[in-house]
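Right, one structure below, let's go through it.
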Amino acid sequence: MPAPKVHHKKFNKKLKANYDKFPHVQVETENRSCTSGWAAIGEQLNRHISLKKRIIAIECYQGVLDDEIISNLKSTLKFDVWIDAKDAMKSEQEILAMTYPDVTDDRIFGYLTRLNIEDYLDEEKALALNEQANSADGAVVVYGTGASLIVPGADLLIYADMARWEIQLRMRKKEVNNIGIKNNDEEFSIQYKRAFFVDWRACDRLKKKLFSQIDYWLDTNKAGSPHLVRGEAILEGMRMAAKRPFRVVPFFDPGPWGGQWMKEVCDLDRSAVNYAWCFDCVPEENSLLLRFGDTDVEIPSINLVFYQTDNLLGPKVHSRFGDEFPIRFDFLDTIGGGNLSFQVHPLTEYIQEKFGMHYTQDESYYFLDVEEAAKPVVFLGLQDGTVPEEMIADLEAAQRGEKLFDDEKFVKQWPVKKHDHVSIPAGTVHCSGVGGMVLEISATPYIFTFKLWDWGRLGLDGKPRPINIEHGKNVIQWNRDASWVKEHALNLVEDLGSGDGWREERTGLNELEFIETRRHWFTGKVTHNTNGIVNVLNLVEGREAIIESPTNAFDPYIVHYAETFIVPAAVGEYTIRPHGESEGKECGTLKAYVRI
């Protein structure tokens, strides 16, 4: 049936939103390492040129605004020869052919590439540019993706990095191309797919090799407001972050089913139509703000995963997942909105075979809040006795526009209330209904969602969202009916212990999932220990809490309601207690970590 329309709940206007949308790591109390503005950046680099730093390589991540960087540097730098790395690229036709097996013809899905930036370069062209740079008189600037490969061992290496969320915004505005081709007029989903499966993977492989060689990082995430930071200062900032609690920078996005809860709680633009998603802790997509004095420098938070893998994840998680952050926390808001798409996630062998991913998206829904008047439900599992052929035929007929999918016949609905937690192992059909504020806790490969039914609605772009019944029917676990869900996935809460002012519960992720979740209710101090494994937590109840080190290994860290924070594996023991307005009141945290 179509998603019902409801009025969103009334929020407590007396409480001012305290959710921090721009958390940061303070690297220097007084700025010694960051230069801001194009004129000052030019002066800084010119000092190096005057010291006979003759060849300057400016390596670029996909998605930088080339016109802005080139025009400003050309007008400020005292150089003699400018070389564009794009002149060493293979032809567009060659790049399209080379990347086709990974990009595929699918609108959404591709295959994780094994290509490197070297593969984009024409060997003869690159060699010619190298000879031009080395034989030129005076200062030479080599700019663009692949610059560091054209002039390896350059006298000065600058890395122009980009946050992936900003790249996506630029794609939507038709401002950037993918590597080696001109395609900014393509549909956003096509550009994003090419970046996700190919460009970003190749860029990351090169960036990881360059960490210790980079003299300066160039932050141009905010157009017109560049920052140039000493390479060692950025590395020190990441070393600091990996030994203390921190938060990544959340980002919010509307959607066809989006709600109104986050507008109030997270203090967002009230004039926006809705907010459907918040990536509150997805290091592959989020940014990390490093503060120098009062200046914030934005880097992709995945850099921290690459550079401080053992300190952040812990050796055990590192050995199992490599330099990938395996846990994701995000928000899904349907309060005042609509049902999420009815969907299923691939099994491990399917995602490995079809898309080249190492592990799949097992997930769970934790209900941070609900709108009781909407009678919120979660669609989870199949009705007992469902015949697979009948359900697939019904979905396909709905996709052709012949009818609405008969969800009541095939899918089980379960009433939910605030603080309920339901498990959704891969292969289980599911979606959240109207009136729920979901904290989604899952494994990281979030892009691999097979939508089976989208309630007959259009996306915000006015086009139908992609439906993936063909993929979905290959992974649906038909034995996961109502009886299975009740026993294996629904509110499997287990008391684990209590003490002076606290109690601990296991909230019950299914045994098939590699993530363990623990909830603590507390009015006093609770002691935690990472035990060498990264912890991800959210303050699910209470206005404010403080995280402290028993040995003063890090400065006390304050978090607010609904904020997700990371405690690196290297932290070891830490405590959490109510703080500020929450002192003397009961607070709650939900903690996730990898089962080892």
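Labeling convention for the structure tokens: chains A, B, ... as they appear, residues from 1 per chain, ligands from 1 in order of appearance.
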* To do: Would you list the contacts of Arg400 (chain A) as an MDAnalysis selection string, taking every protein, DNA or RNA residue within 12 Å and counting only C-alpha atoms, but skipping same-chain residues closer than 2 positions in sequence?
  => chainID A and resid 393:398 402:405 453 456 464 467 469
Print the selection's residues with N, CA and C atoms to a file, as a compact mmCIF listing (two decimals), in the first residue's frame.
# COMPACT_ATOMS: atom_id res chain seq x y z
N ALA A 393 6.63 -12.10 -8.74
CA ALA A 393 5.69 -11.71 -9.79
C ALA A 393 4.95 -10.44 -9.41
N ASP A 394 4.58 -10.32 -8.14
CA ASP A 394 3.87 -9.13 -7.67
C ASP A 394 4.78 -7.90 -7.73
N LEU A 395 6.04 -8.07 -7.33
CA LEU A 395 7.00 -6.97 -7.40
C LEU A 395 7.23 -6.54 -8.84
N GLU A 396 7.37 -7.48 -9.73
CA GLU A 396 7.61 -7.15 -11.15
C GLU A 396 6.41 -6.46 -11.77
N ALA A 397 5.21 -6.88 -11.41
CA ALA A 397 4.01 -6.21 -11.91
C ALA A 397 3.94 -4.78 -11.39
N ALA A 398 4.30 -4.59 -10.12
CA ALA A 398 4.33 -3.24 -9.55
C ALA A 398 5.37 -2.37 -10.25
N GLU A 402 1.65 -1.81 -13.25
CA GLU A 402 0.35 -2.46 -13.41
C GLU A 402 -0.46 -2.47 -12.13
N LYS A 403 0.21 -2.33 -10.98
CA LYS A 403 -0.47 -2.41 -9.68
C LYS A 403 0.47 -1.89 -8.62
N LEU A 404 -0.04 -1.79 -7.39
CA LEU A 404 0.80 -1.51 -6.24
C LEU A 404 1.22 -2.83 -5.61
N PHE A 405 2.43 -2.88 -5.12
CA PHE A 405 2.91 -4.10 -4.48
C PHE A 405 2.07 -4.39 -3.24
N TRP A 453 10.93 -2.25 -4.11
CA TRP A 453 9.67 -1.50 -4.30
C TRP A 453 9.84 -0.14 -3.63
N GLY A 456 5.76 3.41 -5.45
CA GLY A 456 5.18 4.12 -6.58
C GLY A 456 5.51 5.59 -6.67
N PRO A 464 11.98 8.01 -11.62
CA PRO A 464 11.88 6.82 -10.76
C PRO A 464 13.26 6.42 -10.25
N ILE A 467 15.18 0.31 -9.41
CA ILE A 467 14.68 -0.87 -8.72
C ILE A 467 15.52 -2.07 -9.17
N ILE A 469 15.08 -5.68 -8.73
CA ILE A 469 14.42 -6.96 -8.42
C ILE A 469 15.28 -8.13 -8.88
* Asked: Hey, what's within 10 Å of region 565-568 of chain A if we count only C-alpha atoms and toss same-chain stuff fewer than 4 positions away? As a ChimeraX atom specification, please?
  -> /A:23,241-248,280-281,308-314,329,529-530,532-539,547,557-560,572-574,591-592
* To do: Kindly indicate which residue among A:Val103, A:Ile424, A:Ile392, A:Leu340 lies nearest to Ala276 (chain A), using only C-alpha atoms for the distances.
  => A:Leu340
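Using only C-alpha atoms for every distance, the candidate list A:Ala374, A:Val249, A:Ile49, A:Ile150 yields A:Ile150 as the residue closest to Ala88 (chain A).
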* So which one's closest to Phe306 (chain A), A:Glu92, A:Asp384, A:Asp204, A:Glu513? Using only C-alpha atoms, please. -> A:Asp204
* To do: Name the residues in contact with region 214-223 of chain A at a cut-off of 6 Å, using only C-alpha atoms, excluding same-chain residues fewer than 5 positions from it; report them as a list in words.
  => Leu157, Ile158, Tyr159, Ala160, Leu228, Val229, Arg230 and Gly231 of chain A
* **Spatial neighbours of Gly584 (chain A), max dist 10 Å, only C-alpha atoms, sep filter under 2 positions, as a ChimeraX atom specification** => /A:501,522-524,577-582,586-587
Once you have the residues from the selection above, write them out as a CSV table (one decimal), in the first residue's frame, restricted to all heavy atoms.
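Writing done, so here's out-v1.csv:
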chain,number,residue,atom,x,y,z
A,501,GLY,N,25.2,3.1,39.7
A,501,GLY,CA,24.8,4.2,38.7
A,501,GLY,C,24.9,3.7,37.3
A,501,GLY,O,24.8,4.6,36.4
A,522,PHE,N,23.0,5.0,32.4
A,522,PHE,CA,23.8,5.5,33.5
A,522,PHE,C,23.4,6.8,34.1
A,522,PHE,O,23.0,7.7,33.3
A,522,PHE,CB,25.3,5.5,33.1
A,522,PHE,CG,25.6,6.3,31.9
A,522,PHE,CD1,26.1,7.6,32.0
A,522,PHE,CD2,25.4,5.7,30.6
A,522,PHE,CE1,26.4,8.3,30.8
A,522,PHE,CE2,25.7,6.5,29.5
A,522,PHE,CZ,26.2,7.8,29.6
A,523,THR,N,23.6,6.9,35.4
A,523,THR,CA,23.5,8.2,36.1
A,523,THR,C,24.8,8.6,36.6
A,523,THR,O,25.0,9.8,37.0
A,523,THR,CB,22.4,8.2,37.2
A,523,THR,OG1,22.8,7.1,38.1
A,523,THR,CG2,21.0,7.9,36.6
A,524,GLY,N,25.7,7.7,36.7
A,524,GLY,CA,27.1,8.0,37.2
A,524,GLY,C,28.1,7.6,36.1
A,524,GLY,O,27.8,7.5,34.9
A,577,ARG,N,30.3,9.7,31.6
A,577,ARG,CA,29.3,10.0,32.6
A,577,ARG,C,28.5,11.2,32.2
A,577,ARG,O,28.9,12.0,31.2
A,577,ARG,CB,30.1,10.4,33.9
A,577,ARG,CG,31.0,11.6,33.8
A,577,ARG,CD,31.7,11.9,35.1
A,577,ARG,NE,32.7,12.9,35.0
A,577,ARG,CZ,32.5,14.2,35.0
A,577,ARG,NH1,31.3,14.7,35.2
A,577,ARG,NH2,33.5,15.1,34.9
A,578,PRO,N,27.3,11.4,32.8
A,578,PRO,CA,26.5,12.6,32.4
A,578,PRO,C,27.2,13.9,32.7
A,578,PRO,O,28.1,13.9,33.6
A,578,PRO,CB,25.2,12.4,33.3
A,578,PRO,CG,25.2,11.0,33.7
A,578,PRO,CD,26.6,10.5,33.8
A,579,HIS,N,26.9,14.9,31.9
A,579,HIS,CA,27.6,16.1,32.1
A,579,HIS,C,26.7,17.3,31.8
A,579,HIS,O,25.6,17.2,31.1
A,579,HIS,CB,28.8,16.2,31.0
A,579,HIS,CG,29.7,17.4,31.2
A,579,HIS,ND1,29.5,18.5,30.4
A,579,HIS,CD2,30.7,17.7,32.0
A,579,HIS,CE1,30.4,19.4,30.7
A,579,HIS,NE2,31.1,18.9,31.7
A,580,GLY,N,27.0,18.5,32.4
A,580,GLY,CA,26.2,19.7,32.2
A,580,GLY,C,24.7,19.5,32.6
A,580,GLY,O,24.4,19.1,33.7
A,581,GLU,N,23.8,19.8,31.7
A,581,GLU,CA,22.4,19.7,32.0
A,581,GLU,C,21.9,18.2,32.3
A,581,GLU,O,20.9,18.0,32.9
A,581,GLU,CB,21.6,20.2,30.8
A,581,GLU,CG,21.8,21.6,30.4
A,581,GLU,CD,21.0,22.0,29.2
A,581,GLU,OE1,19.8,21.8,29.2
A,581,GLU,OE2,21.6,22.5,28.2
A,582,SER,N,22.8,17.3,31.9
A,582,SER,CA,22.4,15.9,32.2
A,582,SER,C,22.8,15.3,33.5
A,582,SER,O,22.5,14.2,33.9
A,582,SER,CB,23.0,15.0,31.1
A,582,SER,OG,22.4,15.3,29.8
A,586,GLU,N,19.4,10.2,33.9
A,586,GLU,CA,19.9,9.0,33.3
A,586,GLU,C,20.2,9.3,31.8
A,586,GLU,O,19.4,9.9,31.1
A,586,GLU,CB,18.8,7.9,33.3
A,586,GLU,CG,19.3,6.6,32.8
A,586,GLU,CD,18.4,5.4,33.0
A,586,GLU,OE1,17.2,5.5,32.5
A,586,GLU,OE2,18.7,4.5,33.8
A,587,CYS,N,21.3,8.8,31.4
A,587,CYS,CA,21.8,8.9,30.0
A,587,CYS,C,21.9,7.5,29.4
A,587,CYS,O,21.9,6.5,30.2
A,587,CYS,CB,23.1,9.6,29.9
A,587,CYS,SG,23.1,11.4,30.3
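Taking only C-alpha atoms, the non-local environment of region 250-263 of chain A within 7 Å (same-chain residues fewer than 5 positions away omitted) comprises His8, Lys21, Leu268, Asp269, Arg270, Asn274, Tyr275, Ala276, Trp277, Cys278, Phe279, Asp280, Cys281, Asn286, Asp333, Thr334, Ile335, Gly336, Gly337, Gly338, Asn339, Leu340, Gly459 and Leu460 of chain A.
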Store the residues of this selection in a file with N, CA, C and O atoms, as an mmCIF file, in the first residue's frame.
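Saved file out-v8.cif follows:
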data_model
loop_
_atom_site.group_PDB
_atom_site.id
_atom_site.type_symbol
_atom_site.label_atom_id
_atom_site.label_comp_id
_atom_site.auth_asym_id
_atom_site.auth_seq_id
_atom_site.Cartn_x
_atom_site.Cartn_y
_atom_site.Cartn_z
ATOM 1 N N HIS A 8 4.139 15.509 11.398
ATOM 2 C CA HIS A 8 5.279 15.164 12.247
ATOM 3 C C HIS A 8 5.059 15.641 13.675
ATOM 4 O O HIS A 8 4.276 16.532 13.951
ATOM 5 N N LYS A 21 27.499 20.301 14.468
ATOM 6 C CA LYS A 21 27.592 19.926 13.063
ATOM 7 C C LYS A 21 29.005 20.058 12.508
ATOM 8 O O LYS A 21 29.278 19.606 11.396
ATOM 9 N N LEU A 268 18.902 22.190 11.577
ATOM 10 C CA LEU A 268 19.141 22.305 10.144
ATOM 11 C C LEU A 268 18.183 23.320 9.529
ATOM 12 O O LEU A 268 17.276 23.821 10.182
ATOM 13 N N ASP A 269 18.385 23.599 8.281
ATOM 14 C CA ASP A 269 17.588 24.576 7.539
ATOM 15 C C ASP A 269 16.112 24.200 7.592
ATOM 16 O O ASP A 269 15.694 23.190 7.022
ATOM 17 N N ARG A 270 15.323 25.019 8.271
ATOM 18 C CA ARG A 270 13.900 24.704 8.428
ATOM 19 C C ARG A 270 13.134 24.839 7.116
ATOM 20 O O ARG A 270 12.043 24.295 6.973
ATOM 21 N N ASN A 274 12.901 18.420 3.391
ATOM 22 C CA ASN A 274 13.054 17.393 4.412
ATOM 23 C C ASN A 274 14.534 17.062 4.527
ATOM 24 O O ASN A 274 15.358 17.550 3.749
ATOM 25 N N TYR A 275 14.861 16.218 5.486
ATOM 26 C CA TYR A 275 16.177 15.583 5.558
ATOM 27 C C TYR A 275 15.945 14.098 5.765
ATOM 28 O O TYR A 275 15.301 13.686 6.731
ATOM 29 N N ALA A 276 16.450 13.325 4.833
ATOM 30 C CA ALA A 276 16.236 11.884 4.873
ATOM 31 C C ALA A 276 17.396 11.167 5.532
ATOM 32 O O ALA A 276 17.203 10.264 6.341
ATOM 33 N N TRP A 277 18.623 11.557 5.163
ATOM 34 C CA TRP A 277 19.837 10.883 5.611
ATOM 35 C C TRP A 277 20.722 11.813 6.416
ATOM 36 O O TRP A 277 20.744 13.026 6.205
ATOM 37 N N CYS A 278 21.463 11.244 7.297
ATOM 38 C CA CYS A 278 22.656 11.890 7.849
ATOM 39 C C CYS A 278 23.728 10.823 7.947
ATOM 40 O O CYS A 278 23.510 9.788 8.592
ATOM 41 N N PHE A 279 24.855 11.038 7.297
ATOM 42 C CA PHE A 279 26.009 10.167 7.507
ATOM 43 C C PHE A 279 26.750 10.729 8.709
ATOM 44 O O PHE A 279 27.517 11.676 8.594
ATOM 45 N N ASP A 280 26.472 10.149 9.873
ATOM 46 C CA ASP A 280 27.027 10.659 11.122
ATOM 47 C C ASP A 280 28.375 10.027 11.438
ATOM 48 O O ASP A 280 29.154 10.573 12.201
ATOM 49 N N CYS A 281 28.634 8.872 10.857
ATOM 50 C CA CYS A 281 29.938 8.225 11.023
ATOM 51 C C CYS A 281 30.129 7.207 9.910
ATOM 52 O O CYS A 281 29.875 6.022 10.090
ATOM 53 N N ASN A 286 32.722 10.732 5.073
ATOM 54 C CA ASN A 286 32.785 11.943 5.896
ATOM 55 C C ASN A 286 34.133 12.639 5.806
ATOM 56 O O ASN A 286 35.099 12.101 5.270
ATOM 57 N N ASP A 333 15.512 9.336 8.655
ATOM 58 C CA ASP A 333 14.425 10.074 9.302
ATOM 59 C C ASP A 333 13.137 9.933 8.489
ATOM 60 O O ASP A 333 13.030 10.430 7.372
ATOM 61 N N THR A 334 12.147 9.249 9.072
ATOM 62 C CA THR A 334 10.836 9.151 8.419
ATOM 63 C C THR A 334 9.746 9.800 9.259
ATOM 64 O O THR A 334 8.558 9.591 9.003
ATOM 65 N N ILE A 335 10.117 10.579 10.271
ATOM 66 C CA ILE A 335 9.103 11.258 11.091
ATOM 67 C C ILE A 335 8.567 12.445 10.291
ATOM 68 O O ILE A 335 9.277 13.411 10.021
ATOM 69 N N GLY A 336 7.300 12.341 9.889
ATOM 70 C CA GLY A 336 6.735 13.340 9.000
ATOM 71 C C GLY A 336 7.067 13.073 7.552
ATOM 72 O O GLY A 336 6.855 13.938 6.694
ATOM 73 N N GLY A 337 7.594 11.885 7.263
ATOM 74 C CA GLY A 337 7.980 11.551 5.894
ATOM 75 C C GLY A 337 7.228 10.343 5.380
ATOM 76 O O GLY A 337 6.024 10.208 5.605
ATOM 77 N N GLY A 338 7.940 9.448 4.694
ATOM 78 C CA GLY A 338 7.318 8.258 4.120
ATOM 79 C C GLY A 338 8.120 7.022 4.449
ATOM 80 O O GLY A 338 9.178 7.093 5.089
ATOM 81 N N ASN A 339 7.621 5.888 3.995
ATOM 82 C CA ASN A 339 8.356 4.648 4.182
ATOM 83 C C ASN A 339 9.679 4.695 3.417
ATOM 84 O O ASN A 339 9.756 5.251 2.323
ATOM 85 N N LEU A 340 10.716 4.072 3.975
ATOM 86 C CA LEU A 340 11.912 3.826 3.189
ATOM 87 C C LEU A 340 11.566 2.875 2.048
ATOM 88 O O LEU A 340 10.527 2.222 2.059
ATOM 89 N N GLY A 459 11.866 9.986 -7.343
ATOM 90 C CA GLY A 459 12.931 10.621 -6.592
ATOM 91 C C GLY A 459 12.787 12.128 -6.626
ATOM 92 O O GLY A 459 11.930 12.681 -7.336
ATOM 93 N N LEU A 460 13.638 12.826 -5.884
ATOM 94 C CA LEU A 460 13.560 14.287 -5.854
ATOM 95 C C LEU A 460 13.884 14.907 -7.200
ATOM 96 O O LEU A 460 13.554 16.062 -7.452
#
